[in-house]
4 protein chains.
Amino acid sequence: MSGVLNILIRCHDQKGLVYEVSKIFLEFGLNVENNREFVDESAGIFFMRSVVSGVCNSKALREALKSVLPKDNFLKVVEPSIKKIVIFATKELHVLADIITRVYEESISAEIVAVISNYRTVEPFVKKFDIPFFYVPVSTLDRSEHEDLISKILDNRSFDYIVLAKYMRIFTPEFVRRYREKIINIHHSFLPAFIGANPYKQAYDRGVKIIGATAHFVNDNLDEGPIIAQDTITVDHTFSWKDMQKAGSDVEKILLSKSLHLVLSDRVFVYGNRCIVFS
Amino acid sequence: MSGVLNILIRCHDQKGLVYEVSKIFLEFGLNVENNREFVDESAGIFFMRSVVSGVCNSKALREALKSVLPKDNFLKVVEPSIKKIVIFATKELHVLADIITRVYEESISAEIVAVISNYRTVEPFVKKFDIPFFYVPVSTLDRSEHEDLISKILDNRSFDYIVLAKYMRIFTPEFVRRYREKIINIHHSFLPAFIGANPYKQAYDRGVKIIGATAHFVNDNLDEGPIIAQDTITVDHTFSWKDMQKAGSDVEKILLSKSLHLVLSDRVFVYGNRCIVFS
Amino acid sequence: MSGVLNILIRCHDQKGLVYEVSKIFLEFGLNVENNREFVDESAGIFFMRSVVSGVCNSKALREALKSVLPKDNFLKVVEPSIKKIVIFATKELHVLADIITRVYEESISAEIVAVISNYRTVEPFVKKFDIPFFYVPVSTLDRSEHEDLISKILDNRSFDYIVLAKYMRIFTPEFVRRYREKIINIHHSFLPAFIGANPYKQAYDRGVKIIGATAHFVNDNLDEGPIIAQDTITVDHTFSWKDMQKAGSDVEKILLSKSLHLVLSDRVFVYGNRCIVFS
Amino acid sequence: MSGVLNILIRCHDQKGLVYEVSKIFLEFGLNVENNREFVDESAGIFFMRSVVSGVCNSKALREALKSVLPKDNFLKVVEPSIKKIVIFATKELHVLADIITRVYEESISAEIVAVISNYRTVEPFVKKFDIPFFYVPVSTLDRSEHEDLISKILDNRSFDYIVLAKYMRIFTPEFVRRYREKIINIHHSFLPAFIGANPYKQAYDRGVKIIGATAHFVNDNLDEGPIIAQDTITVDHTFSWKDMQKAGSDVEKILLSKSLHLVLSDRVFVYGNRCIVFS
C-alpha cells in the first residue's frame with residue numbers, strides 16, 4: 001500500500017492503547033494525518049479513528065494492530081475508495097436529486113449502481129444521469145413478494161450501502177437483518193418524536209415550534225435505529241403541515257447527503273443503538 | 001386612556017374583519033403602531049393583535065369592537081402593565097436566577113410576588129433580591145396535601161401567572177384546572193420526545209444528536225400542553241447525559257425567559273392545543 | 001381576473017391606510033387570504049403585502065387602490081406567475097444544480113431561459129435539462145467587451161431576473177444599472193464581513209468560528225447591495241479554508257434557492273439599502 | 001499529585017509525538033481520561049490536550065514530557081483549579097449578572113476578586129454577592145490617567161484573567177500588552193463585521209438578516225484579537241437597532257460565559273491570531 005489508510009478500532013478500554021497503536025504506526029513509518037479517540041466511560045469501550053499515510057504492507061499492519069488490541073476487537077484497515085450504493089425512492093425527488101448531483105460533481109465518493117422505486121415519477125431524472133432505474137410496483141403484492149422482486153435486483157449487483165431517499169415503505173425484519181448496518185434512512189422528524197407515517201402532520205397537530213429530520217441506520221424497529229445525524233429548523237403558527245413539509249425538505253436532503261458522506265468516508269462507528277461519528 | 005393599548009381578537013373568520021376593526025381604530029382617532037393578523041384556514045378562526053396609541057375611552061372602544069365581531073369572540077383590550085408572577089422551583093437555580101435577573105434589570109415587566117420551593121437550596125439567592133420565599137417541603141405529604149399548603153400561599157396574594165422554573169413535581173388535575181392557561185412550564189426536552197422524568201437520560205439512551213427544551217402552558221396531561229416556544233442545540237457522542245444536562249441548561253433558561261416575556265406582553269393566544277405567537 | 005392576486009404597496013405612512021385598503025378589498029368582493037403590514041417608523045414608510053382571491057377587474061382594483069394611497073406610492077397588483085430567469089455560473093455546480101433541480105420539480109416557479117458561463121464546466125449538466133447554455137469565455141477581452149457579448153444574449157430574450165449562481169466575475173457599473181433590482185447574487189460570506197475575493201480564505205485567516213453566506217441584490221458597490229437573506233454555520237480550528245468552502249457550499253445553495261423563491265413569489269420589497277421580506 | 005492533571009502541549013509537528021507522550025503517561029502509570037490532538041498542517045504545529053488521572057510527581061512528569069518534545073515547545077501541566085478573575089463593566093448588567101450567577105452556582109470555577117466600573121449602575125447587584133466593587137469614574141481623566149487608577153486596584157490583588165463584560169471603553173496598547181492573552185472581551189457583533197462603536201446600529205444600517213456576538217482575547221488592534229467563540233441569531237426587517245440590541249443580549253451573555261468556562265478549564269490555546277479550542 002502506498003498512500004492513505006483509514007484505520008478504525010473499537011475494543012474494550014485498557015491503559016496504554018493509544019501508546020500501543022501509535023507505536024505501531026511509528027514502527028511502520030507511517031505519518032499520522034489525523035487521530036481521533038473516544039472512550040465510552042460507562043461501557044468501558046475505546047474507539048479510535050486514524051488516518052495514516054506512507055508506504056506499508058497493510059496486511060502486516062493489520063496483524064500488528066490485532067496483536068496489541070484486547071480480544072473481541074473490531075478493526076478496519078481500509079484505503080479510501082469509491083463505495084457502491086443502491087438508492088430507494090418513492091415519488092419525491094429532492095433528496096434523491098441531491099445525492100445524484102453530489103455524486104455527479106464528486107463531492108460524495110460513490111457510484112450509484114441502481115435506483116429502485118415503486119413509482120415511475122423519478123425515472124426521467126435518474127435516466128438523465130445514466131443511472132440504472134428499476135421500477136418495482138407494489139400493485140397487489142404483499143410485503144414479502146415485493147421484497148422478493150427487489151432482492152432479485154440487489155442480488156445481481158455488488159454494493160456497500162442501501163440509501164432510503166424518502167422511500168415510503170417499510171421493510172420486513174428479514175430484509176432488514178440481511179443488510180444489518182447497511183441501510184441508511186432519512187426520517188422526516190426529529191426522532192424519537194413522530195415515529196411512523198406523516199410526521200409533519202403529527203408535528204402540526206402537536207403544535208410544535210421546531211421541526212427536524214433524522215438520518216439513521218435501519219434496524220428491526222421502525223425509526224428506532226442508530227442515529228447518525230439530526231437537524232432542526234424553526235416554524236411558527238403560520239405553517240400548515242404542508243408548509244412544514246416544504247420547509248423540512250431542505251433539511252432532509254442536506255442531512256442525508258451529509259450523513260451518507262460521513263458513512264462512506266469511514267467516519268461512523270455503530271455501537272449498540274448509537275453512532276460514534278468522527279466528523 | 002391615554003397612551004398605548006394592546007388589543008387581542010379571536011373569532012370566526014369572515015370577510016371584512018380587518019376593515020371593520022381598522023375602521024373603529026380610525027373613528028376613535030387611534031394610531032396603529034403594529035398590526036398582526038392570522039387566519040387558521042383549517043379551523044376558520046381569525047386572530048388579530050393590534051397595538052394602538054392615542055387618547056380614548058377604552059370601555060367604549062371595547063364595546064365598538066364587540067359590536068362588529070362575530071359571536072363567541074375573544075376580545076382583550078389592555079394597557080401594557082407589570083404582571084405579577086409566582087415562581088415554583090426545586091433545587092436548580094439557573095432558570096430561576098435568569099428570570100430574577102431580568103425582572104431586576106426590567107427587561108421582563110413583572111413583579112415576582114413569591115418563590116415557592118420544596119427545598120431550601122435557592123432560598124439564599126432569592127432573598128438577596130427581597131423576594132418572598134416559601135419553603136413547602138413534601139416530607140410525608142401526599143400530592144393533594146402538599147398542594148393544599150401551596151394553595152394557602154397562592155390564595156393570599158393576587159398574581160397573573162405561575163411560572164415553573166424547573167419545578168420537578170407534578171400537579172394534580174384539580175390544581176392545573178384551577179389555573180387554566182395560567183401555568184407556564186419549561187420542559188427539558190424537545191417535546192413530544194422524552195415526556196416525563198429525566199429527559200436528558202432518555203435522550204442519551206436513544207443516542208440523539210440534538211437536544212432541546214420546550215416552554216409550554218400546563219394542562220391536564222403531563223407535558224402535553226400548548227407549546228409557546230422550543231429551541232434545540234447540537235450534541236455528539238462525547239456527551240454523557242450530565243453533559244447534555246449542562247449544555248441544555250442555557251437553552252432552558254433563555255427559552256423560558258423569552259416565552260415568559262411573550263406571554264406577559266400579551267403576544268400569545270392559546271387556541272386548542274396550540275399557541276399563536278405574535279412575536 | 002379570477003383567482004389569486006398578489007398586491008404590494010409601499011407609500012408614506014398615514015392614519016387609516018389599512019382601513020382604506022381593506023375597504024377596497026371588501027368593495028371588490030375579494031377574500032383576503034393573507035395580509036402583512038410593516039411600518040418603518042424611522043423613515044415613516046408603510047409596506048403592505050396582501051394575497052386576495054375572487055373575481056375582479058384587476059385594472060379597476062389597481063385604480064381604486066391608487067386613489068386612496070398617498071402620492072409617490074409604489075403599487076404592484078399581479079397574478080402569481082412563472083417568472084423567467086437567466087443564470088450566470090462559472091465553474092462550480094452545486095448552486096446552479098440546486099436551482100435547476102427545484103425548477104425541474106416545480107418547487108421554484110421559474111423558467112430558466114439561459115445559463116451563461118465563462119467556462120464549459122457546467123455545460124453537460126445544464127444540457128441534460130434542455131436548458132440553453134451559452135459559453136462566453138473572457139479570453140483577452142476586457143470587462144466591457146465581455147459584457148457586450150453577454151448583452152447580445154440577454155437582449156435576444158425576455159426575462160425577469162438575473163441570478164448569479166457563484167458567478168466569479170464583477171460587472172461594470174453600467175451593466176448593473178441596466179438591471180437595477182433585477183440581479184440576485186449569492187456571496188459566500190456573512191456580509192459585510194469578507195467583501196471581495198475568496199472570503200473563505202479571508203475567514204480562515206481571521207480565525208472565525210462561524211462562516212456564512214448572503215443572498216443580495218447587486219448594486220454599484222461590490223457586495224454592498226440590499227440583503228435578502230443570510231445564514232451561518234459553525235466551524236472550528238480543524239477547518240482549513242477548503243473545509244470551510246465545502247461546509248459553506250450547502251448554505252450557499254439553500255440560501256440562494258430560498259431567496260430566489262421569495263423574490264419570484266413577490267415577497268420582497270427593496271427599499272433603500274434594505275429588503276423588507278414578507279416570508 | 002494525586003488526582004487529575006490537565007496537560008497542554010504545543011510544538012513543531014514531528015513523527016511519533018503521540019507515541020512519545022502516551023509512552024510517558026504509561027510509564028507514570030497515569031490513566032488518560034481524555035486526549036485531543038490537532039495538527040495545523042499549513043504551519044506544521046502540533047497541539048495536544050490530555051486529561052490524565054493517577055498519582056504522580058507532576059514536576060517529574062513535566063520534565064519527562066519536556067525531554068521528548070521538540071525545542072520551543074509550550075507545555076502546561078496543571079491541576080484543575082478555581083481561577084481568579086477581575087470583571088470590568090460599564091452600565092449594562094446582563095453579561096455581568098450571568099457570570100456572577102454561574103460563579104455563585106459553581107457552574108463556572110472562578111472567584112471574582114473584583115468588579116470595576118466607570119459607573120455605579122451595577123454596584124447594587126454586585127454587592128448582593130459580596131463581591132468587591134470599585135467605582136473608577138472617567139470624569140476629566142485621559143485614558144492613561146484612568147488606567148493608572150485601575151492599575152492600582154489590579155496591582156493589589158492576584159488574578160488570572162480580566163473579563164470585559166460589556167466594558168465600553170478602549171484600553172491603551174500599554175495596558176493591553178501588560179495582560180497579553182489575559183483579557184477576554186465580548187464584542188456585540190459577528191467580527192470582523194462591525195468593528196468599533198455601536199455595532200447593532202451599524203448592523204441595522206447595513207440591513208443584515210443575522211446578528212451575532214464574538215468572544216475574543218484582546219490584543220493591540222481594536223476587536224482584532226484571537227476569537228474564542230462566536231454565535232449568531234436571525235433578525236428581520238421589523239427589528240429596529242434597539243430590538244437587535246435586545247435580541248443580541250442573550251447571545252452575548254451565553255457566549256461570554258461559555259468562552260470563559262473554556263478558558264478557565266484550560267481548553268483554549270492561543271496561537272497567532274487564532275484559538276485552538278478543545279471543547
# chains A, B, ... in the order shown; residues from 1 in each chain; ligands from 1
$ interface_residues --of "chain A" --to "chain B" --cutoff "10 Å" --atoms "only C-alpha atoms" --output "MDAnalysis selection string"
chainID A and resid 38:42 190:194 203:212 214 224:240 272:278
$ write_last_selection --atoms "C-alpha atoms" --output "compact mmCIF listing (two decimals), in the first residue's frame"
# COMPACT_ATOMS: atom_id res chain seq x y z
CA PHE A 38 -13.18 8.37 22.31
CA VAL A 39 -13.77 6.32 25.42
CA ASP A 40 -17.34 5.48 26.35
CA GLU A 41 -16.73 5.56 30.10
CA SER A 42 -19.97 3.89 31.11
CA PHE A 190 -36.73 14.82 14.98
CA LEU A 191 -36.75 11.22 16.24
CA PRO A 192 -37.94 9.79 18.59
CA ALA A 193 -40.76 12.33 18.17
CA PHE A 194 -43.28 11.42 15.48
CA ALA A 203 -45.96 17.74 14.27
CA TYR A 204 -48.61 20.18 13.10
CA ASP A 205 -51.26 18.52 15.26
CA ARG A 206 -48.99 18.79 18.29
CA GLY A 207 -48.38 22.49 17.64
CA VAL A 208 -44.58 22.28 17.70
CA LYS A 209 -42.40 25.31 17.05
CA ILE A 210 -39.47 23.33 15.64
CA ILE A 211 -39.38 20.54 13.09
CA GLY A 212 -36.49 18.32 12.16
CA THR A 214 -33.07 12.30 11.38
CA GLU A 224 -35.52 3.26 16.10
CA GLY A 225 -32.13 2.51 14.55
CA PRO A 226 -28.83 4.20 15.48
CA ILE A 227 -28.90 7.93 14.71
CA ILE A 228 -26.12 9.32 12.50
CA ALA A 229 -27.19 12.96 12.43
CA GLN A 230 -30.15 15.23 13.16
CA ASP A 231 -31.05 18.78 12.34
CA THR A 232 -33.93 21.13 13.10
CA ILE A 233 -35.50 24.35 11.85
CA THR A 234 -37.89 26.82 13.39
CA VAL A 235 -41.54 27.02 12.34
CA ASP A 236 -44.44 29.05 13.69
CA HIS A 237 -48.23 29.09 13.83
CA THR A 238 -48.49 30.26 10.21
CA PHE A 239 -47.14 26.92 8.95
CA SER A 240 -49.71 24.40 7.71
CA GLY A 272 -25.38 -0.66 20.31
CA ASN A 273 -28.06 1.84 19.48
CA ARG A 274 -25.79 4.79 18.96
CA CYS A 275 -23.32 6.11 16.40
CA ILE A 276 -19.87 7.39 17.21
CA VAL A 277 -19.18 9.94 14.48
CA PHE A 278 -15.66 11.26 13.96
$ residues_around --residues "Lys59 (chain A)" --least-positions-apart "4" --cutoff "9 Å" --atoms "only C-alpha atoms" --output "number ranges by chain"
A: 63-64, 77
$ residues_around --residues "His12 (chain B)" --least-positions-apart "2" --cutoff "8 Å" --atoms "only C-alpha atoms" --output "compact mmCIF listing (two decimals) with N, CA, C and O atoms, in the first residue's frame"
# COMPACT_ATOMS: atom_id res chain seq x y z
N ARG B 10 -59.93 37.22 18.84
CA ARG B 10 -60.03 35.88 18.24
C ARG B 10 -61.50 35.61 17.96
O ARG B 10 -62.33 35.76 18.85
N GLN B 14 -64.48 35.89 8.95
CA GLN B 14 -65.46 36.30 7.95
C GLN B 14 -64.91 37.49 7.18
O GLN B 14 -63.96 38.15 7.62
N GLY B 44 -60.94 27.90 10.39
CA GLY B 44 -61.76 29.07 10.11
C GLY B 44 -61.76 30.10 11.23
O GLY B 44 -62.77 30.73 11.51
N ILE B 45 -60.61 30.25 11.87
CA ILE B 45 -60.52 31.18 13.00
C ILE B 45 -59.59 32.34 12.65
O ILE B 45 -58.54 32.16 12.06
N PHE B 46 -60.01 33.53 13.03
CA PHE B 46 -59.27 34.76 12.78
C PHE B 46 -58.62 35.24 14.09
O PHE B 46 -59.26 35.25 15.13
N PRO B 70 -68.00 38.70 15.12
CA PRO B 70 -68.94 37.58 15.20
C PRO B 70 -69.10 37.13 16.64
O PRO B 70 -68.22 37.38 17.48
N ASP B 72 -69.28 34.71 19.99
CA ASP B 72 -68.29 33.79 20.55
C ASP B 72 -66.87 34.28 20.33
O ASP B 72 -65.95 33.49 20.18
N ASN B 73 -66.72 35.58 20.26
CA ASN B 73 -65.36 36.09 20.09
C ASN B 73 -64.65 36.19 21.43
O ASN B 73 -65.26 36.17 22.49
$ residues_around --residues "Asn6 (chain C)" --least-positions-apart "4" --cutoff "9 Å" --atoms "only C-alpha atoms" --output "list in words"
Arg49, Ser50, Val51, Val52, Lys76, Val77, Val78, Glu79, Pro80, Ser265, Asp266 and Arg267 of chain C
$ write_last_selection --atoms "N, CA, C and O atoms" --output "compact mmCIF listing (two decimals), in the first residue's frame"
# COMPACT_ATOMS: atom_id res chain seq x y z
N ARG C 49 -48.33 43.75 2.05
CA ARG C 49 -48.46 42.70 1.04
C ARG C 49 -49.73 41.93 1.35
O ARG C 49 -49.90 41.41 2.45
N SER C 50 -50.64 41.89 0.38
CA SER C 50 -51.88 41.15 0.57
C SER C 50 -52.01 40.12 -0.54
O SER C 50 -51.67 40.38 -1.69
N VAL C 51 -52.50 38.96 -0.16
CA VAL C 51 -52.88 37.97 -1.15
C VAL C 51 -54.40 37.88 -1.09
O VAL C 51 -54.97 37.60 -0.03
N VAL C 52 -55.05 38.21 -2.20
CA VAL C 52 -56.51 38.21 -2.22
C VAL C 52 -57.00 37.25 -3.31
O VAL C 52 -56.30 36.97 -4.27
N LYS C 76 -48.09 47.33 -6.81
CA LYS C 76 -47.95 46.19 -7.72
C LYS C 76 -49.17 45.30 -7.51
O LYS C 76 -49.47 44.92 -6.37
N VAL C 77 -49.90 45.04 -8.56
CA VAL C 77 -51.07 44.14 -8.49
C VAL C 77 -50.82 43.07 -9.54
O VAL C 77 -50.97 43.32 -10.74
N VAL C 78 -50.41 41.89 -9.13
CA VAL C 78 -50.01 40.87 -10.11
C VAL C 78 -50.59 39.50 -9.78
O VAL C 78 -50.78 39.14 -8.61
N GLU C 79 -50.84 38.75 -10.83
CA GLU C 79 -51.19 37.35 -10.64
C GLU C 79 -49.90 36.56 -10.44
O GLU C 79 -48.90 36.85 -11.10
N PRO C 80 -49.90 35.57 -9.54
CA PRO C 80 -48.71 34.72 -9.39
C PRO C 80 -48.42 34.07 -10.75
O PRO C 80 -49.33 33.61 -11.43
N SER C 265 -41.87 34.97 -5.80
CA SER C 265 -43.26 34.94 -5.34
C SER C 265 -43.69 36.30 -4.77
O SER C 265 -44.61 36.38 -3.96
N ASP C 266 -43.02 37.35 -5.22
CA ASP C 266 -43.42 38.73 -4.88
C ASP C 266 -43.47 38.99 -3.38
O ASP C 266 -44.41 39.61 -2.88
N ARG C 267 -42.48 38.49 -2.67
CA ARG C 267 -42.47 38.68 -1.23
C ARG C 267 -41.41 39.67 -0.74
O ARG C 267 -41.27 39.90 0.46
$ select_by_dssp --residues "region 15-226 of chain C" --states "helix (DSSP H, G or I)" --output "PyMOL selection string"
chain C and resi 17-27+58-68+94-104+123-128+143-155+173-178+199-206
$ atom_distance --atom1 "CA of Lys84 (chain D)" --atom2 "CA of Phe159 (chain D)"
4.6 Å
$ select_by_dssp --residues "region 104-258 of chain C" --states "strand (DSSP E or B)" --output "MDAnalysis selection string"
chainID C and resid 110:117 133:135 161:164 183:187 210:217 227:234
$ residues_around --residues "Gly248 (chain A)" --least-positions-apart "2" --cutoff "8 Å" --atoms "only C-alpha atoms" --output "list of chain:residue names"
A:His188, A:Ile211, A:Gly212, A:Ala213, A:Ile233, A:Met244, A:Gln245, A:Lys246, A:Asp250, A:Val251, A:Glu252
$ closest_residue --among "A:Ile195, A:Ala114, A:Val21, A:Leu5" --to "Val55 (chain A)" --atoms "only C-alpha atoms"
A:Leu5
$ closest_residue --among "A:Leu256, A:Asn156, A:Ile162, A:Leu262" --to "His187 (chain A)" --atoms "only C-alpha atoms"
A:Leu256
$ residues_around --residues "Lys128 (chain D)" --least-positions-apart "4" --cutoff "12 Å" --atoms "only C-alpha atoms" --output "ChimeraX atom specification"
/B:124-130 /D:97,100-101,104,122-124,132-133
$ write_last_selection --atoms "N, CA and C atoms" --output "JSON list (two decimals), in the first residue's frame"
[["chain", "number", "residue", "atom", "x", "y", "z"],
["B", 124, "PRO", "N", -31.31, 31.31, 49.59],
["B", 124, "PRO", "CA", -30.38, 32.43, 49.79],
["B", 124, "PRO", "C", -30.30, 33.36, 48.58],
["B", 125, "PHE", "N", -30.33, 32.78, 47.40],
["B", 125, "PHE", "CA", -30.30, 33.62, 46.19],
["B", 125, "PHE", "C", -31.54, 34.50, 46.12],
["B", 126, "VAL", "N", -32.69, 33.90, 46.32],
["B", 126, "VAL", "CA", -33.96, 34.63, 46.21],
["B", 126, "VAL", "C", -34.01, 35.79, 47.21],
["B", 127, "LYS", "N", -33.52, 35.52, 48.40],
["B", 127, "LYS", "CA", -33.63, 36.54, 49.45],
["B", 127, "LYS", "C", -32.73, 37.74, 49.20],
["B", 128, "LYS", "N", -31.65, 37.55, 48.45],
["B", 128, "LYS", "CA", -30.80, 38.69, 48.08],
["B", 128, "LYS", "C", -31.61, 39.76, 47.37],
["B", 129, "PHE", "N", -32.69, 39.33, 46.71],
["B", 129, "PHE", "CA", -33.49, 40.26, 45.90],
["B", 129, "PHE", "C", -34.79, 40.65, 46.61],
["B", 130, "ASP", "N", -34.84, 40.34, 47.90],
["B", 130, "ASP", "CA", -36.00, 40.72, 48.72],
["B", 130, "ASP", "C", -37.31, 40.19, 48.14],
["D", 97, "ALA", "N", -24.18, 39.83, 35.20],
["D", 97, "ALA", "CA", -25.06, 39.06, 36.09],
["D", 97, "ALA", "C", -24.99, 37.57, 35.76],
["D", 100, "ILE", "N", -21.76, 36.25, 37.26],
["D", 100, "ILE", "CA", -21.88, 36.20, 38.73],
["D", 100, "ILE", "C", -22.76, 35.03, 39.16],
["D", 101, "THR", "N", -23.88, 34.83, 38.46],
["D", 101, "THR", "CA", -24.79, 33.74, 38.81],
["D", 101, "THR", "C", -24.11, 32.38, 38.64],
["D", 104, "TYR", "N", -21.66, 31.84, 41.32],
["D", 104, "TYR", "CA", -22.43, 31.56, 42.54],
["D", 104, "TYR", "C", -22.88, 30.11, 42.61],
["D", 122, "VAL", "N", -24.16, 49.04, 38.17],
["D", 122, "VAL", "CA", -24.22, 47.61, 38.52],
["D", 122, "VAL", "C", -23.82, 47.34, 39.97],
["D", 123, "GLU", "N", -23.41, 48.38, 40.68],
["D", 123, "GLU", "CA", -22.91, 48.21, 42.04],
["D", 123, "GLU", "C", -23.88, 47.48, 42.98],
["D", 124, "PRO", "N", -25.15, 47.89, 43.02],
["D", 124, "PRO", "CA", -26.06, 47.22, 43.97],
["D", 124, "PRO", "C", -26.17, 45.72, 43.71],
["D", 132, "PRO", "N", -16.18, 42.49, 45.84],
["D", 132, "PRO", "CA", -15.65, 43.85, 45.92],
["D", 132, "PRO", "C", -15.94, 44.64, 44.64],
["D", 133, "PHE", "N", -16.53, 45.82, 44.80],
["D", 133, "PHE", "CA", -16.86, 46.67, 43.66],
["D", 133, "PHE", "C", -16.03, 47.94, 43.71]]
$ atom_distance --atom1 "CA of Val32 (chain A)" --atom2 "CA of Val4 (chain A)"
9.8 Å
$ atom_distance --atom1 "CA of Arg102 (chain C)" --atom2 "CA of Ile85 (chain C)"
13.2 Å
$ residues_around --residues "Met168 (chain D)" --least-positions-apart "3" --cutoff "9 Å" --atoms "only C-alpha atoms" --output "ChimeraX atom specification"
/D:89-91,164-165,197
